[in-house]
Structures are given as structure tokens and as C-alpha cells.
>>> print(open('target.pdb').read())   # PDB, C-alpha atoms and all ligand atoms
ATOM      1  CA  MET A   1      20.544   2.699 -13.841
ATOM      2  CA  ARG A   2      21.611   0.821 -10.738
ATOM      3  CA  SER A   3      20.922  -2.831 -11.534
ATOM      4  CA  PRO A   4      20.806  -5.558 -10.365
ATOM      5  CA  LEU A   5      19.384  -4.128  -7.174
ATOM      6  CA  THR A   6      18.545  -5.917  -3.940
ATOM      7  CA  ILE A   7      15.835  -4.346  -1.771
ATOM      8  CA  LEU A   8      16.155  -5.340   1.893
ATOM      9  CA  VAL A   9      12.922  -4.964   3.848
ATOM     10  CA  ALA A  10      12.436  -4.436   7.585
ATOM     11  CA  THR A  11       8.848  -4.105   8.751
ATOM     12  CA  MET A  12       6.561  -4.647  11.706
ATOM     13  CA  THR A  13       3.131  -4.265  10.147
ATOM     14  CA  GLY A  14       3.825  -4.646   6.435
ATOM     15  CA  THR A  15       3.997  -1.059   5.172
ATOM     16  CA  ALA A  16       7.677  -1.239   4.228
ATOM     17  CA  GLU A  17       7.062  -4.488   2.369
ATOM     18  CA  MET A  18       4.221  -2.900   0.404
ATOM     19  CA  VAL A  19       6.437   0.088  -0.397
ATOM     20  CA  ALA A  20       9.259  -2.217  -1.520
ATOM     21  CA  GLN A  21       6.898  -4.162  -3.773
ATOM     22  CA  GLU A  22       5.736  -0.947  -5.439
ATOM     23  CA  VAL A  23       9.333   0.144  -5.920
ATOM     24  CA  GLN A  24      10.277  -3.247  -7.341
ATOM     25  CA  GLN A  25       7.399  -3.098  -9.782
ATOM     26  CA  VAL A  26       8.204   0.363 -11.101
ATOM     27  CA  LEU A  27      11.930  -0.364 -11.458
ATOM     28  CA  GLU A  28      11.351  -3.698 -13.183
ATOM     29  CA  ALA A  29       9.056  -1.895 -15.626
ATOM     30  CA  GLN A  30      12.102   0.236 -16.497
ATOM     31  CA  GLY A  31      14.167  -2.875 -17.182
ATOM     32  CA  ALA A  32      16.021  -3.148 -13.885
ATOM     33  CA  ALA A  33      16.666  -6.519 -12.268
ATOM     34  CA  VAL A  34      15.325  -6.227  -8.737
ATOM     35  CA  GLU A  35      15.317  -8.791  -5.955
ATOM     36  CA  LEU A  36      13.232  -8.179  -2.840
ATOM     37  CA  ARG A  37      14.452  -9.809   0.376
ATOM     38  CA  MET A  38      12.803  -9.617   3.770
ATOM     39  CA  MET A  39      15.526  -9.162   6.402
ATOM     40  CA  ASP A  40      14.340 -12.144   8.430
ATOM     41  CA  GLY A  41      17.223 -14.557   8.873
ATOM     42  CA  LEU A  42      19.732 -12.404   6.968
ATOM     43  CA  ASP A  43      23.215 -11.691   8.233
ATOM     44  CA  ALA A  44      26.199  -9.656   7.007
ATOM     45  CA  GLY A  45      26.792 -12.260   4.284
ATOM     46  CA  ILE A  46      24.043 -10.654   2.215
ATOM     47  CA  PHE A  47      26.542  -7.896   1.401
ATOM     48  CA  ALA A  48      29.518 -10.209   0.740
ATOM     49  CA  ALA A  49      29.444  -9.933  -3.054
ATOM     50  CA  GLY A  50      28.918  -6.159  -2.977
ATOM     51  CA  GLY A  51      26.565  -4.394  -5.379
ATOM     52  CA  PHE A  52      23.536  -2.133  -5.152
ATOM     53  CA  PHE A  53      21.190  -2.283  -2.190
ATOM     54  CA  LEU A  54      18.113  -0.374  -1.134
ATOM     55  CA  VAL A  55      17.230  -0.640   2.553
ATOM     56  CA  CYS A  56      13.518  -0.131   3.143
ATOM     57  CA  THR A  57      12.789   0.037   6.852
ATOM     58  CA  SER A  58      10.336   1.439   9.364
ATOM     59  CA  THR A  59      11.052   2.568  12.942
ATOM     60  CA  TYR A  60       9.579   1.190  16.166
ATOM     61  CA  GLY A  61       9.914   1.518  19.890
ATOM     62  CA  PHE A  62      12.158   4.395  20.779
ATOM     63  CA  GLY A  63      13.884   4.693  17.426
ATOM     64  CA  ASN A  64      14.573   0.993  16.950
ATOM     65  CA  VAL A  65      14.651  -1.037  13.779
ATOM     66  CA  PRO A  66      11.844  -3.582  13.329
ATOM     67  CA  ASP A  67      12.390  -6.986  14.940
ATOM     68  CA  ASN A  68      13.141  -8.696  11.622
ATOM     69  CA  ALA A  69      16.158  -6.387  11.100
ATOM     70  CA  GLN A  70      17.826  -7.002  14.453
ATOM     71  CA  GLU A  71      19.762 -10.120  13.410
ATOM     72  CA  LEU A  72      21.243  -8.322  10.407
ATOM     73  CA  ILE A  73      22.172  -5.281  12.511
ATOM     74  CA  ASP A  74      23.799  -7.508  15.154
ATOM     75  CA  SER A  75      25.725  -9.441  12.513
ATOM     76  CA  LEU A  76      27.049  -6.276  10.866
ATOM     77  CA  GLU A  77      28.008  -4.744  14.200
ATOM     78  CA  SER A  78      29.821  -7.839  15.434
ATOM     79  CA  SER A  79      31.628  -8.895  12.236
ATOM     80  CA  ARG A  80      32.198  -5.380  10.858
ATOM     81  CA  PRO A  81      32.868  -6.470   7.253
ATOM     82  CA  ASP A  82      34.491  -4.182   4.705
ATOM     83  CA  LEU A  83      31.565  -2.965   2.599
ATOM     84  CA  SER A  84      33.531  -0.675   0.288
ATOM     85  CA  ASN A  85      32.083  -2.542  -2.705
ATOM     86  CA  VAL A  86      28.518  -1.723  -1.608
ATOM     87  CA  VAL A  87      26.428   1.224  -2.855
ATOM     88  CA  TYR A  88      23.170   1.733  -1.042
ATOM     89  CA  GLY A  89      20.084   3.867  -0.641
ATOM     90  CA  VAL A  90      17.602   4.085   2.205
ATOM     91  CA  ILE A  91      13.837   4.395   2.324
ATOM     92  CA  ALA A  92      13.017   5.203   5.946
ATOM     93  CA  LEU A  93       9.413   5.037   7.131
ATOM     94  CA  GLY A  94       8.524   6.876  10.293
ATOM     95  CA  ASP A  95       6.160   9.297  11.948
ATOM     96  CA  ARG A  96       7.093  12.803  13.096
ATOM     97  CA  THR A  97       4.727  12.525  16.046
ATOM     98  CA  TYR A  98       7.450  10.324  17.592
ATOM     99  CA  GLY A  99       9.678  13.409  17.759
ATOM    100  CA  ASP A 100      13.383  12.837  18.166
ATOM    101  CA  THR A 101      13.280   9.256  16.941
ATOM    102  CA  PHE A 102      11.765  10.157  13.567
ATOM    103  CA  CYS A 103      12.967   7.629  10.981
ATOM    104  CA  HIS A 104      15.770   6.405  13.234
ATOM    105  CA  GLY A 105      15.475   2.881  11.834
ATOM    106  CA  GLY A 106      16.650   4.140   8.455
ATOM    107  CA  THR A 107      19.204   6.452  10.012
ATOM    108  CA  ARG A 108      20.627   3.548  12.004
ATOM    109  CA  PHE A 109      21.204   1.514   8.838
ATOM    110  CA  ASP A 110      22.664   4.545   7.092
ATOM    111  CA  LYS A 111      25.205   5.207   9.846
ATOM    112  CA  LEU A 112      26.120   1.542  10.199
ATOM    113  CA  LEU A 113      26.604   0.845   6.490
ATOM    114  CA  SER A 114      28.630   3.997   5.933
ATOM    115  CA  SER A 115      30.794   3.206   8.978
ATOM    116  CA  LEU A 116      31.641  -0.098   7.263
ATOM    117  CA  GLY A 117      32.800   1.657   4.098
ATOM    118  CA  ALA A 118      29.627   1.366   2.034
ATOM    119  CA  ARG A 119      28.713   4.406  -0.030
ATOM    120  CA  ARG A 120      25.287   5.919   0.121
ATOM    121  CA  ALA A 121      24.040   7.204  -3.215
ATOM    122  CA  GLY A 122      21.777  10.231  -2.921
ATOM    123  CA  GLU A 123      19.691  11.251   0.043
ATOM    124  CA  MET A 124      17.532   9.024   2.184
ATOM    125  CA  LEU A 125      13.832   9.127   1.534
ATOM    126  CA  GLN A 126      12.242   9.838   4.904
ATOM    127  CA  HIS A 127       8.513   9.301   4.910
ATOM    128  CA  ASP A 128       6.316  10.827   7.607
ATOM    129  CA  ALA A 129       3.188   8.753   8.244
ATOM    130  CA  SER A 130       1.518  11.828   9.771
ATOM    131  CA  SER A 131       1.945  13.807   6.541
ATOM    132  CA  GLY A 132      -1.127  12.319   4.903
ATOM    133  CA  GLU A 133       0.940  11.139   1.927
ATOM    134  CA  LEU A 134       1.035   7.405   1.327
ATOM    135  CA  PRO A 135       4.568   5.977   1.250
ATOM    136  CA  GLU A 136       3.672   3.493  -1.486
ATOM    137  CA  GLU A 137       2.750   6.480  -3.666
ATOM    138  CA  VAL A 138       5.794   8.629  -2.826
ATOM    139  CA  ALA A 139       8.489   5.950  -2.939
ATOM    140  CA  PRO A 140       8.229   4.767  -6.568
ATOM    141  CA  ALA A 141       8.920   8.263  -7.971
ATOM    142  CA  TRP A 142      11.783   8.706  -5.527
ATOM    143  CA  ALA A 143      13.210   5.301  -6.512
ATOM    144  CA  LEU A 144      13.072   6.076 -10.223
ATOM    145  CA  ALA A 145      15.120   9.216  -9.633
ATOM    146  CA  TRP A 146      17.418   7.361  -7.266
ATOM    147  CA  VAL A 147      18.384   4.576  -9.676
ATOM    148  CA  ARG A 148      18.997   7.055 -12.464
ATOM    149  CA  GLN A 149      21.136   9.619 -10.693
ATOM    150  CA  ASP A 150      24.864   9.553 -11.185
ATOM    151  CA  ASP A 151      26.880   7.774  -8.577
ATOM    152  CA  GLU A 152      28.134  10.450  -6.248
ATOM    153  CA  PRO A 153      30.344   9.977  -3.254
ATOM    154  CA  VAL A 154      28.669  10.363   0.126
ATOM    155  CA  GLY A 155      29.146  13.976   1.142
ATOM    156  CA  ALA A 156      28.836  15.304  -2.387
ATOM    157  CA  THR A 157      25.327  16.400  -1.467
ATOM    158  CA  ASP A 158      26.861  19.122   0.715
ATOM    159  CA  GLY A 159      27.910  20.996  -2.413
ATOM    160  CA  PRO A 160      25.922  22.857  -5.061
ATOM    161  CA  GLY A 161      22.627  21.193  -5.805
ATOM    162  CA  ALA A 162      22.264  19.774  -2.317
ATOM    163  CA  GLY A 163      18.687  19.047  -1.429
ATOM    164  CA  GLU A 164      17.486  18.888  -5.019
ATOM    165  CA  GLY A 165      15.338  16.024  -6.162
ATOM    166  CA  PRO A 166      12.078  14.419  -5.105
ATOM    167  CA  ALA A 167      10.990  13.875  -1.530
ATOM    168  CA  GLN A 168      14.479  14.104  -0.145
ATOM    169  CA  SER A 169      15.739  14.997   3.260
ATOM    170  CA  SER A 170      19.100  16.053   4.542
ATOM    171  CA  GLU A 171      18.329  15.040   8.109
ATOM    172  CA  SER A 172      20.496  11.964   7.679
ATOM    173  CA  ASP A 173      23.440  14.149   6.762
ATOM    174  CA  ARG A 174      22.905  16.301   9.812
ATOM    175  CA  ALA A 175      22.688  13.173  11.952
ATOM    176  CA  ARG A 176      25.882  11.829  10.372
ATOM    177  CA  SER A 177      27.844  14.942  11.219
ATOM    178  CA  GLU A 178      26.775  14.919  14.873
TER
HETATM  179  C1  LIG B 201       4.389   1.263  18.399
HETATM  180  C2  LIG B 201       4.958   2.128  17.318
HETATM  181  C3  LIG B 201       6.170   2.784  17.526
HETATM  182  C4  LIG B 201       6.704   3.625  16.534
HETATM  183  N1  LIG B 201       7.871   4.300  16.787
HETATM  184  C5  LIG B 201       8.348   5.168  15.865
HETATM  185  C6  LIG B 201       9.526   5.926  16.138
HETATM  186  O1  LIG B 201      10.148   5.831  17.188
HETATM  187  N2  LIG B 201       9.963   6.792  15.166
HETATM  188  C7  LIG B 201       9.308   6.940  13.968
HETATM  189  O2  LIG B 201       9.744   7.731  13.154
HETATM  190  N3  LIG B 201       8.185   6.224  13.689
HETATM  191  C8  LIG B 201       7.697   5.339  14.603
HETATM  192  N4  LIG B 201       6.551   4.626  14.329
HETATM  193  C9  LIG B 201       5.888   4.808  13.001
HETATM  194  C10 LIG B 201       6.192   3.678  12.000
HETATM  195  O3  LIG B 201       7.575   3.565  11.721
HETATM  196  C11 LIG B 201       5.438   3.981  10.696
HETATM  197  O4  LIG B 201       4.043   3.962  10.953
HETATM  198  C12 LIG B 201       5.763   3.024   9.568
HETATM  199  O5  LIG B 201       5.139   3.459   8.380
HETATM  200  C13 LIG B 201       5.326   1.608   9.856
HETATM  201  O6  LIG B 201       5.853   0.765   8.841
HETATM  202  P1  LIG B 201       5.769  -0.843   8.898
HETATM  203  O7  LIG B 201       4.322  -1.218   8.786
HETATM  204  O8  LIG B 201       6.553  -1.288   7.704
HETATM  205  O9  LIG B 201       6.388  -1.340  10.166
HETATM  206  C14 LIG B 201       6.014   3.793  15.308
HETATM  207  C15 LIG B 201       4.793   3.119  15.101
HETATM  208  C16 LIG B 201       4.266   2.306  16.088
HETATM  209  C17 LIG B 201       2.932   1.634  15.838
END
>>> encode(input="target.pdb", output="C-alpha cells")
Amino acid sequence: MRSPLTILVATMTGTAEMVAQEVQQVLEAQGAAVELRMMDGLDAGIFAAGGFFLVCTSTYGFGNVPDNAQELIDSLESSRPDLSNVVYGVIALGDRTYGDTFCHGGTRFDKLLSSLGARRAGEMLQHDASSGELPEEVAPAWALAWVRQDDEPVGATDGPGAGEGPAQSSESDRARSE
């Protein structure tokens, strides 16, 4: 199990925070050490010691990250630290009615972290608010599977078994190869 784990939360109206709290609760019940951090005021230093991270973010505007994530994004883009000692996952909240920018907040973090040498474990969870499913109900089951799966290099999901697992999406992989 990936532990200790830091969940980094970016939200405009609180859904991602609620999702992160549910995830924290279910993982702690399994014995994991989980810290939940809102992204407000964070910079690239949050990744300095490496470790396991779960980014939990919504999408706003035309595919933007929430306001409380902007400082962290700016810091990562300007300092471009080596994050090769970071393993991460992404819970991306979005709404397919926004079309081309669906879950772009999560995709933006995914592309940025991997460009800095961090390794994504597993697929992103992309939640569609128009699906009728509640993200706080979908995410805990996804997170349990996510912390338990073997560490696989990014790209390994292109091979046999790709797309298996709960509530996963390969859209991030398609986006990464564009
Ligand atoms: C003004 C506004 C703009 C949004 N823009 C997008 C978008 O571009 N792409 C997307 O996938 N979802 C978009 N969404 C949907 C939100 O990301 C989604 O409802 C999410 O669950 C909200 O989470 P939060 O409360 O943590 O911010 C938008 C929602 C609002 C209200």
C-alpha cells in the first residue's frame, strides 16, 4: 500500500475537498497514513522530499485549475524541480458538458508532474458530474484499488491489461501522446 500519502486538494466549491476527505477516511481505515493538504499557499517545495501524492482537483473556466492551485502550478512551471522521487495519482473532477476541456485541471497536473520526472501510478480517475454518479461515492473504491496496485512505470498501461480496474480512463494517456 502506498503510505504515507499526501492528498493535495484544488477546489472552487468544495467538491474535491469532500472527495479527498472520503478518500482519506477509507485509506486510514486500511491503516494508511494520509495527510490532506489544500493547495492554498503551496509551492513546489511540497514535493521536495519525494513520496506518494494524490492530486484531487476540479476544472474551471476553459479547462483551468481552480484558483487555489494556481500558485503551485506557477511554482512548478517556473522552478521545474526534478520530481523523479515522486509517485502520484490524480482524481480529476469535471463535467462532460464542458466538451473539450473535460477534466483538464487533472490533466494539466498530470502532464506537468510527468514532465518533471514524477511517475504516475495507474490511470487517472476522471469523474463526470453529468453522469449522475457522486464523486465522493466513486472515489473511495478507486483509491483503495489505486493504493494497492503494484507500482508500474507510466506507459505500462499501454500493454496487456490496459484499461482494467475501477472507474478508470485512458483519456489522460491519449492527451499525453498528443
Ligand atoms: C463555472 C464552471 C466552469 C467549469 N468548467 C469546467 C471545465 O472547463 N471542464 C470540466 O471538465 N468541468 C468544468 N466544470 C465542472 C466542475 O469541475 C465540476 O462540477 C467539479 O465537480 C466541481 O468541483 P469543486 O467543487 O471541487 O470545484 C465547471 C464548473 C463550473 C461551475
>>> resolve_selection(input="target.pdb", expression="the PyMOL selection byres (((chain A and resi 36) around 10) and not hetatm)", output="list in words")
Leu5, Thr6, Ile7, Leu8, Val9, Glu17, Ala20, Gln21, Val23, Gln24, Val34, Glu35, Arg37, Met38, Met39, Phe53 and Leu54 of chain A
>>> closest_residue(input="target.pdb", among="A:Ala143, A:Ile73, A:Val26, A:Ala10", to="A:Lys111", atoms="only C-alpha atoms")
A:Ile73
>>> closest_residue(input="target.pdb", among="A:Val138, A:Ala44, A:Met18, A:Met124", to="A:Cys103", atoms="all atoms listed in the file")
A:Met124
>>> atom_distance(input="target.pdb", atom1="atom C16 of ligand LIG 201 (chain B)", atom2="atom CA of A:Tyr60")
5.4 Å
>>> atom_distance(input="target.pdb", atom1="atom N3 of ligand LIG 201 (chain B)", atom2="atom CA of A:Ile91")
12.8 Å
>>> residues_near_ligand(input="target.pdb", ligand="ligand LIG 201 (chain B)", cutoff="7 Å", atoms="all atoms listed in the file", output="number ranges by chain")
A: 10-17, 57-64, 66, 93-96, 98, 101-104, 129
>>> atom_distance(input="target.pdb", atom1="atom CA of A:Pro135", atom2="atom CA of A:Asp74")
27.3 Å
>>> residues_around(input="target.pdb", residues="A:Ser75", least_positions_apart="5", cutoff="10 Å", atoms="only C-alpha atoms", output="PDB file with C-alpha atoms, in the coordinates of the input")
ATOM      1  CA  LEU A  42      19.732 -12.404   6.968  1.00  0.00           C
ATOM      2  CA  ASP A  43      23.215 -11.691   8.233  1.00  0.00           C
ATOM      3  CA  ALA A  44      26.199  -9.656   7.007  1.00  0.00           C
ATOM      4  CA  GLY A  45      26.792 -12.260   4.284  1.00  0.00           C
ATOM      5  CA  GLN A  70      17.826  -7.002  14.453  1.00  0.00           C
ATOM      6  CA  ARG A  80      32.198  -5.380  10.858  1.00  0.00           C
ATOM      7  CA  PRO A  81      32.868  -6.470   7.253  1.00  0.00           C
TER       8      PRO A  81
END
>>> closest_residue(input="target.pdb", among="A:Val19, A:Leu112, A:Leu76, A:Ala121", to="A:Arg148", atoms="all atoms listed in the file")
A:Ala121
>>> closest_residue(input="target.pdb", among="A:Asp110, A:Ala48, A:Gly105, A:Ala69", to="A:Ser84", atoms="all atoms listed in the file")
A:Ala48
>>> closest_residue(input="target.pdb", among="A:Asp40, A:Asn68, A:Leu134, A:Trp146", to="A:Val90", atoms="all atoms listed in the file")
A:Trp146
>>> axis_aligned_box(input="target.pdb", around="stretch 69-81 of chain A", padding_each_side="5 Å", output="AutoDock Vina command-line options")
--center_x 24.5 --center_y -7.4 --center_z 11.3 --size_x 26.7 --size_y 15.4 --size_z 18.2
>>> residues_around(input="target.pdb", residues="A:Phe47", least_positions_apart="4", cutoff="8 Å", atoms="only C-alpha atoms", output="PyMOL selection string")
chain A and resi 51+83+86
>>> closest_residue(input="target.pdb", among="A:Gly89, A:Pro140, A:Gly132, A:Gly117", to="A:Val55", atoms="all atoms listed in the file")
A:Gly89
>>> resolve_selection(input="target.pdb", expression="the PyMOL selection byres (((chain A and resi 2) around 7) and not hetatm)", output="list of chain:residue names")
A:Met1, A:Ser3, A:Pro4, A:Leu5, A:Phe52, A:Val147, A:Arg148
>>> decode(input="target.pdb", residues="stretch 76-112 of chain A", atoms="N, CA and C atoms", output="mmCIF file, in the first residue's frame")
data_model
loop_
_atom_site.group_PDB
_atom_site.id
_atom_site.type_symbol
_atom_site.label_atom_id
_atom_site.label_comp_id
_atom_site.auth_asym_id
_atom_site.auth_seq_id
_atom_site.Cartn_x
_atom_site.Cartn_y
_atom_site.Cartn_z
ATOM 1 N N LEU A 76 5.793 25.282 -9.873
ATOM 2 C CA LEU A 76 6.363 24.111 -10.558
ATOM 3 C C LEU A 76 6.860 24.489 -11.946
ATOM 4 N N GLU A 77 6.082 25.312 -12.645
ATOM 5 C CA GLU A 77 6.473 25.675 -14.012
ATOM 6 C C GLU A 77 7.701 26.583 -14.035
ATOM 7 N N SER A 78 7.860 27.421 -13.025
ATOM 8 C CA SER A 78 8.999 28.335 -13.049
ATOM 9 C C SER A 78 10.265 27.687 -12.492
ATOM 10 N N SER A 79 10.136 26.855 -11.455
ATOM 11 C CA SER A 79 11.354 26.280 -10.850
ATOM 12 C C SER A 79 11.726 24.938 -11.466
ATOM 13 N N ARG A 80 10.772 24.271 -12.087
ATOM 14 C CA ARG A 80 10.976 22.985 -12.742
ATOM 15 C C ARG A 80 11.914 22.049 -11.958
ATOM 16 N N PRO A 81 11.485 21.672 -10.739
ATOM 17 C CA PRO A 81 12.306 20.757 -9.931
ATOM 18 C C PRO A 81 12.319 19.350 -10.523
ATOM 19 N N ASP A 82 13.356 18.597 -10.139
ATOM 20 C CA ASP A 82 13.414 17.181 -10.520
ATOM 21 C C ASP A 82 12.512 16.399 -9.566
ATOM 22 N N LEU A 83 11.445 15.831 -10.087
ATOM 23 C CA LEU A 83 10.487 15.112 -9.245
ATOM 24 C C LEU A 83 10.583 13.596 -9.453
ATOM 25 N N SER A 84 11.776 13.112 -9.793
ATOM 26 C CA SER A 84 11.896 11.683 -10.084
ATOM 27 C C SER A 84 11.693 10.815 -8.841
ATOM 28 N N ASN A 85 11.671 11.416 -7.671
ATOM 29 C CA ASN A 85 11.390 10.646 -6.449
ATOM 30 C C ASN A 85 9.919 10.768 -6.016
ATOM 31 N N VAL A 86 9.078 11.230 -6.952
ATOM 32 C CA VAL A 86 7.651 11.398 -6.660
ATOM 33 C C VAL A 86 6.828 10.381 -7.456
ATOM 34 N N VAL A 87 5.916 9.698 -6.775
ATOM 35 C CA VAL A 87 4.908 8.848 -7.424
ATOM 36 C C VAL A 87 3.555 9.476 -7.121
ATOM 37 N N TYR A 88 2.732 9.588 -8.162
ATOM 38 C CA TYR A 88 1.482 10.316 -7.939
ATOM 39 C C TYR A 88 0.310 9.642 -8.640
ATOM 40 N N GLY A 89 -0.881 10.006 -8.162
ATOM 41 C CA GLY A 89 -2.128 9.664 -8.826
ATOM 42 C C GLY A 89 -2.955 10.921 -8.957
ATOM 43 N N VAL A 90 -3.998 10.852 -9.769
ATOM 44 C CA VAL A 90 -4.835 12.033 -9.994
ATOM 45 C C VAL A 90 -6.311 11.646 -9.937
ATOM 46 N N ILE A 91 -7.053 12.381 -9.113
ATOM 47 C CA ILE A 91 -8.510 12.353 -9.173
ATOM 48 C C ILE A 91 -8.931 13.679 -9.802
ATOM 49 N N ALA A 92 -9.511 13.583 -10.995
ATOM 50 C CA ALA A 92 -9.899 14.783 -11.744
ATOM 51 C C ALA A 92 -11.426 14.882 -11.760
ATOM 52 N N LEU A 93 -11.949 15.972 -11.238
ATOM 53 C CA LEU A 93 -13.387 16.211 -11.277
ATOM 54 C C LEU A 93 -13.696 17.150 -12.432
ATOM 55 N N GLY A 94 -14.727 16.811 -13.170
ATOM 56 C CA GLY A 94 -15.104 17.657 -14.299
ATOM 57 C C GLY A 94 -16.535 17.391 -14.702
ATOM 58 N N ASP A 95 -16.868 17.846 -15.885
ATOM 59 C CA ASP A 95 -18.243 17.731 -16.380
ATOM 60 C C ASP A 95 -18.155 17.671 -17.907
ATOM 61 N N ARG A 96 -18.662 16.566 -18.475
ATOM 62 C CA ARG A 96 -18.531 16.378 -19.926
ATOM 63 C C ARG A 96 -19.310 17.410 -20.719
ATOM 64 N N THR A 97 -20.245 18.097 -20.087
ATOM 65 C CA THR A 97 -20.990 19.119 -20.830
ATOM 66 C C THR A 97 -20.071 20.278 -21.217
ATOM 67 N N TYR A 98 -18.867 20.331 -20.598
ATOM 68 C CA TYR A 98 -17.901 21.375 -20.982
ATOM 69 C C TYR A 98 -17.050 20.955 -22.179
ATOM 70 N N GLY A 99 -17.360 19.779 -22.733
ATOM 71 C CA GLY A 99 -16.735 19.369 -24.003
ATOM 72 C C GLY A 99 -15.247 19.160 -23.919
ATOM 73 N N ASP A 100 -14.521 19.868 -24.759
ATOM 74 C CA ASP A 100 -13.091 19.627 -24.938
ATOM 75 C C ASP A 100 -12.263 19.861 -23.685
ATOM 76 N N THR A 101 -12.795 20.594 -22.731
ATOM 77 C CA THR A 101 -11.986 20.874 -21.538
ATOM 78 C C THR A 101 -12.312 19.917 -20.400
ATOM 79 N N PHE A 102 -12.972 18.804 -20.716
ATOM 80 C CA PHE A 102 -13.352 17.850 -19.673
ATOM 81 C C PHE A 102 -12.131 17.417 -18.851
ATOM 82 N N CYS A 103 -12.223 17.672 -17.557
ATOM 83 C CA CYS A 103 -11.188 17.242 -16.596
ATOM 84 C C CYS A 103 -9.791 17.788 -16.893
ATOM 85 N N HIS A 104 -9.706 18.915 -17.563
ATOM 86 C CA HIS A 104 -8.391 19.444 -17.919
ATOM 87 C C HIS A 104 -7.562 19.877 -16.718
ATOM 88 N N GLY A 105 -8.231 20.192 -15.599
ATOM 89 C CA GLY A 105 -7.467 20.540 -14.397
ATOM 90 C C GLY A 105 -6.576 19.372 -13.986
ATOM 91 N N GLY A 106 -7.166 18.183 -13.938
ATOM 92 C CA GLY A 106 -6.388 16.995 -13.591
ATOM 93 C C GLY A 106 -5.361 16.658 -14.646
ATOM 94 N N THR A 107 -5.755 16.812 -15.901
ATOM 95 C CA THR A 107 -4.821 16.514 -16.997
ATOM 96 C C THR A 107 -3.623 17.457 -16.964
ATOM 97 N N ARG A 108 -3.898 18.715 -16.577
ATOM 98 C CA ARG A 108 -2.800 19.694 -16.523
ATOM 99 C C ARG A 108 -1.768 19.272 -15.469
ATOM 100 N N PHE A 109 -2.246 18.873 -14.293
ATOM 101 C CA PHE A 109 -1.318 18.399 -13.263
ATOM 102 C C PHE A 109 -0.579 17.163 -13.745
ATOM 103 N N ASP A 110 -1.292 16.250 -14.383
ATOM 104 C CA ASP A 110 -0.670 15.014 -14.841
ATOM 105 C C ASP A 110 0.478 15.312 -15.808
ATOM 106 N N LYS A 111 0.220 16.154 -16.777
ATOM 107 C CA LYS A 111 1.261 16.481 -17.773
ATOM 108 C C LYS A 111 2.440 17.193 -17.120
ATOM 109 N N LEU A 112 2.126 18.125 -16.206
ATOM 110 C CA LEU A 112 3.196 18.902 -15.585
ATOM 111 C C LEU A 112 4.076 18.018 -14.698
#
